[in-house]
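The next block holds one structure in the form of structure tokens; read it before the comments.
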Amino acid sequence: GTMIMGETVEGISSGIDLYSYRQSLGVTAGICPFNFPGMIPLWMFPISVVCGNTFLLKPSEKVPSASMELAEMTKDIFPKGVLNVIHGGKEAVDFICDAPPVRAISFVGANSAGEYIHERGSKNDKRVQSNMGAKNHAVILPDAHMNRSLDQLVGAAFGASG
């Protein structure tokens, strides 16, 4: 069996049934920012691989070592070729956006880069998830301890800013 199953819902509307199939895509890619060089790749490649895909990881050229360490840690877990790392700047991004085998791209980073990746990848019939201009949104409920909540928000927003 597989954990990546679809679902069937009959009669969701008059004469309409829903059939959902979850299938692996093949080659997927992730383009990561500099400010969370270990965490963002871990949002991307484990899920992709567990869903039956291979993954091409492009770390920020400013901090490639965390991605290389992650790849090294997985070499005895994943079969060879499941997790791959590509280095570079715009030329590496263009390769990912243009390469026919890459079916989906996940991006986290700045708005200008995200818009570029979304446009170029979409023009090449890729699924593109582009998380741009991240902010630390929060809702503080009336019964929350205000000073503690604000301290946590400041830490979340600026804790990795150097």
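The way I read the labels, and the way they are meant: chains A, B, ... in the order of the structure tokens, residue 1 as the first residue of every chain, and ligand 1 as the first ligand shown, with later ones counted on from there.
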Please report, as a list in words, each residue of segment 60-127 of chain A to which DSSP assigns strand (DSSP E or B) when run on this structure's backbone. Leu83, Asn84, Val85, Val102, Arg103, Ala104, Ile105, Ser106, Phe107, Val108, Gly109 and Arg127 of chain A
Next, the residues of the selection above should be written as a CSV table (one decimal), in the first residue's frame with N, CA and C atoms.
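Saved as selection_6.csv:
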```csv
chain,number,residue,atom,x,y,z
A,83,LEU,N,18.2,12.8,-3.9
A,83,LEU,CA,18.4,14.1,-3.5
A,83,LEU,C,19.6,14.6,-4.2
A,84,ASN,N,19.5,15.7,-5.0
A,84,ASN,CA,20.6,16.3,-5.8
A,84,ASN,C,20.7,17.7,-5.4
A,85,VAL,N,22.0,18.2,-5.4
A,85,VAL,CA,22.2,19.6,-5.1
A,85,VAL,C,22.9,20.3,-6.3
A,102,VAL,N,12.1,18.7,-14.8
A,102,VAL,CA,11.6,19.3,-13.6
A,102,VAL,C,10.2,19.7,-13.7
A,103,ARG,N,9.3,19.0,-12.9
A,103,ARG,CA,7.9,19.2,-13.0
A,103,ARG,C,7.3,20.2,-12.1
A,104,ALA,N,8.0,20.5,-10.9
A,104,ALA,CA,7.5,21.4,-9.9
A,104,ALA,C,8.6,22.1,-9.2
A,105,ILE,N,8.4,23.4,-8.8
A,105,ILE,CA,9.4,24.2,-8.2
A,105,ILE,C,8.8,24.8,-6.9
A,106,SER,N,9.5,24.7,-5.8
A,106,SER,CA,9.2,25.4,-4.6
A,106,SER,C,10.2,26.4,-4.3
A,107,PHE,N,9.8,27.7,-4.1
A,107,PHE,CA,10.7,28.8,-3.8
A,107,PHE,C,10.3,29.5,-2.5
A,108,VAL,N,11.3,29.9,-1.8
A,108,VAL,CA,11.2,30.8,-0.7
A,108,VAL,C,12.2,31.9,-0.8
A,109,GLY,N,11.8,33.1,-0.7
A,109,GLY,CA,12.7,34.2,-0.8
A,109,GLY,C,12.1,35.6,-1.2
A,127,ARG,N,4.6,23.4,-12.2
A,127,ARG,CA,3.9,23.8,-11.0
A,127,ARG,C,4.9,24.6,-10.2
```
Could you give me the residues within segment 64-157 of chain A that DSSP places in alpha helix (DSSP H), as an MDAnalysis selection string? chainID A and resid 65:74 90:98 111:123 146:157
How far is it from atom CA of Trp43 of chain A to atom CA of Gly133 of chain A, in Å with one decimal?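 Computing the Euclidean distance for atom CA of Trp43 of chain A and atom CA of Gly133 of chain A yields 16.8 Å.
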Write out as an mmCIF file with C-alpha atoms, in the first residue's frame each polymer residue whose atoms come within 10 Å of Cys32 of chain A, counting only C-alpha atoms; drop sequence neighbours fewer than 2 positions from it.
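Written output follows (part_10.cif):
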```
data_model
loop_
_atom_site.group_PDB
_atom_site.id
_atom_site.type_symbol
_atom_site.label_atom_id
_atom_site.label_comp_id
_atom_site.auth_asym_id
_atom_site.auth_seq_id
_atom_site.Cartn_x
_atom_site.Cartn_y
_atom_site.Cartn_z
ATOM 1 C CA ALA A 29 13.091 21.278 -7.220
ATOM 2 C CA GLY A 30 13.559 23.739 -4.397
ATOM 3 C CA PHE A 34 20.208 32.517 2.578
ATOM 4 C CA ASN A 35 18.613 33.309 5.919
ATOM 5 C CA PHE A 36 17.441 29.819 6.936
ATOM 6 C CA PRO A 37 19.869 27.545 5.070
ATOM 7 C CA GLY A 38 18.954 24.396 6.989
ATOM 8 C CA MET A 39 15.294 24.869 7.801
ATOM 9 C CA ILE A 40 13.869 25.794 4.385
ATOM 10 C CA PRO A 41 15.347 22.774 2.556
ATOM 11 C CA MET A 44 10.928 20.947 0.898
ATOM 12 C CA LEU A 57 17.965 21.446 -4.251
ATOM 13 C CA LYS A 58 19.450 24.846 -5.095
ATOM 14 C CA PRO A 59 20.721 26.528 -1.945
ATOM 15 C CA SER A 60 21.615 30.185 -1.778
ATOM 16 C CA GLU A 61 25.070 30.692 -3.215
ATOM 17 C CA VAL A 63 25.384 29.693 2.297
ATOM 18 C CA PRO A 64 25.635 26.381 0.424
ATOM 19 C CA SER A 67 22.448 22.018 2.086
ATOM 20 C CA SER A 106 9.152 25.385 -4.602
ATOM 21 C CA PHE A 107 10.715 28.763 -3.824
ATOM 22 C CA VAL A 108 11.171 30.799 -0.658
ATOM 23 C CA GLY A 109 12.721 34.249 -0.836
#
```
Need to verify the contact set: Gln23 of chain A, 9 Å, only C-alpha atoms, exclusion of same-chain residues closer than 6 positions in sequence. Can you return it as a PyMOL selection string? chain A and resi 4-6+51-52
Spatial neighbours of Glu119 of chain A, max dist 10 Å, only C-alpha atoms, sep filter under 6 positions, as a PyMOL selection string: chain A and resi 97+113+126+128
What's around Ile140 of chain A at 9 Å? Count only C-alpha atoms, leave out sequence neighbours fewer than 5 positions away in its own chain, and write the answer as a ChimeraX atom specification. /A:145-146,149-150
Just write the chosen residues, C-alpha atoms, as a tab-separated table (two decimals), in the first residue's frame.
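Output below, filename out_6.tsv:
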```tsv
chain	number	residue	atom	x	y	z
A	145	HIS	CA	0.09	37.76	27.86
A	146	MET	CA	0.87	40.83	25.71
A	149	SER	CA	3.64	37.51	22.95
A	150	LEU	CA	5.41	40.60	21.61
```
Skipping near chain neighbours, those fewer than 5 positions away, what residues fall within 12 Å of Gln152 of chain A using only C-alpha atoms, listed as an MDAnalysis selection string? chainID A and resid 136:138 140 144:147 157:159
Take the residues from that selection and put them in a file with all heavy atoms, as a short mmCIF file (atom, residue, chain, number, x, y, z; two decimals), in the first residue's frame.
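Written out: out34.cif:
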```cif
data_model
loop_
_atom_site.label_atom_id
_atom_site.label_comp_id
_atom_site.auth_asym_id
_atom_site.auth_seq_id
_atom_site.Cartn_x
_atom_site.Cartn_y
_atom_site.Cartn_z
N ASN A 136 6.16 37.98 9.44
CA ASN A 136 5.77 37.22 10.61
C ASN A 136 4.39 37.67 11.08
O ASN A 136 4.26 38.46 12.00
CB ASN A 136 6.81 37.41 11.72
CG ASN A 136 8.11 36.75 11.34
OD1 ASN A 136 8.23 35.55 11.37
ND2 ASN A 136 9.08 37.55 10.94
N HIS A 137 3.39 37.15 10.40
CA HIS A 137 2.02 37.50 10.75
C HIS A 137 1.62 36.75 12.02
O HIS A 137 2.04 35.62 12.23
CB HIS A 137 1.07 37.13 9.61
CG HIS A 137 1.45 37.74 8.31
ND1 HIS A 137 1.31 39.07 8.06
CD2 HIS A 137 2.01 37.21 7.20
CE1 HIS A 137 1.74 39.33 6.84
NE2 HIS A 137 2.17 38.21 6.30
N ALA A 138 0.80 37.39 12.81
CA ALA A 138 0.34 36.74 14.03
C ALA A 138 -0.97 37.37 14.47
O ALA A 138 -1.26 38.53 14.16
CB ALA A 138 1.37 36.87 15.13
N ILE A 140 -2.80 37.97 18.10
CA ILE A 140 -2.67 37.90 19.56
C ILE A 140 -4.08 37.98 20.13
O ILE A 140 -4.77 38.99 19.97
CB ILE A 140 -1.77 39.03 20.10
CG1 ILE A 140 -0.37 38.93 19.48
CG2 ILE A 140 -1.70 38.95 21.63
CD1 ILE A 140 0.55 40.08 19.86
N ALA A 144 -4.16 36.58 25.84
CA ALA A 144 -2.72 36.31 25.79
C ALA A 144 -1.96 37.30 26.66
O ALA A 144 -2.39 38.44 26.88
CB ALA A 144 -2.22 36.40 24.35
N HIS A 145 -0.80 36.87 27.12
CA HIS A 145 0.09 37.76 27.86
C HIS A 145 0.79 38.65 26.83
O HIS A 145 1.62 38.18 26.05
CB HIS A 145 1.12 36.93 28.65
CG HIS A 145 1.98 37.74 29.55
ND1 HIS A 145 3.11 38.38 29.12
CD2 HIS A 145 1.85 38.02 30.87
CE1 HIS A 145 3.67 39.02 30.11
NE2 HIS A 145 2.92 38.82 31.20
N MET A 146 0.44 39.93 26.79
CA MET A 146 0.87 40.83 25.71
C MET A 146 2.39 40.94 25.60
O MET A 146 2.95 40.79 24.51
CB MET A 146 0.24 42.21 25.89
CG MET A 146 0.52 43.16 24.74
SD MET A 146 -0.10 42.59 23.13
CE MET A 146 -1.85 42.74 23.39
N ASN A 147 3.09 41.22 26.70
CA ASN A 147 4.55 41.41 26.61
C ASN A 147 5.26 40.13 26.18
O ASN A 147 6.17 40.17 25.36
CB ASN A 147 5.11 41.90 27.95
CG ASN A 147 4.74 43.35 28.21
OD1 ASN A 147 4.47 44.11 27.28
ND2 ASN A 147 4.70 43.72 29.47
N ALA A 157 10.72 37.31 14.22
CA ALA A 157 10.96 38.20 13.09
C ALA A 157 12.44 38.50 12.88
O ALA A 157 12.90 38.59 11.74
CB ALA A 157 10.19 39.50 13.28
N PHE A 158 13.19 38.65 13.96
CA PHE A 158 14.56 39.14 13.83
C PHE A 158 15.62 38.20 14.39
O PHE A 158 16.80 38.50 14.35
CB PHE A 158 14.67 40.51 14.50
CG PHE A 158 13.73 41.52 13.93
CD1 PHE A 158 12.63 41.95 14.67
CD2 PHE A 158 13.92 42.04 12.66
CE1 PHE A 158 11.74 42.87 14.13
CE2 PHE A 158 13.05 42.95 12.13
CZ PHE A 158 11.95 43.37 12.86
N GLY A 159 15.21 37.05 14.88
CA GLY A 159 16.15 36.14 15.53
C GLY A 159 17.26 35.63 14.63
O GLY A 159 18.34 35.30 15.11
#
```
Check the smallest atom-to-atom distance from each of A:Met73, A:Glu115, A:Leu25, A:Gly89 to Thr54 of chain A using only C-alpha atoms, then report the winner.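 With only C-alpha atoms as the atom set, the closest residue is A:Leu25.
You will find atom CA of His118 of chain A at 11.5 Å from atom CA of Ile96 of chain A.
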Just how far from atom CA of Met132 of chain A is atom CA of Asn111 of chain A, in Å to one decimal?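 So the two atoms, atom CA of Asn111 of chain A and atom CA of Met132 of chain A, lie 4.9 Å apart.
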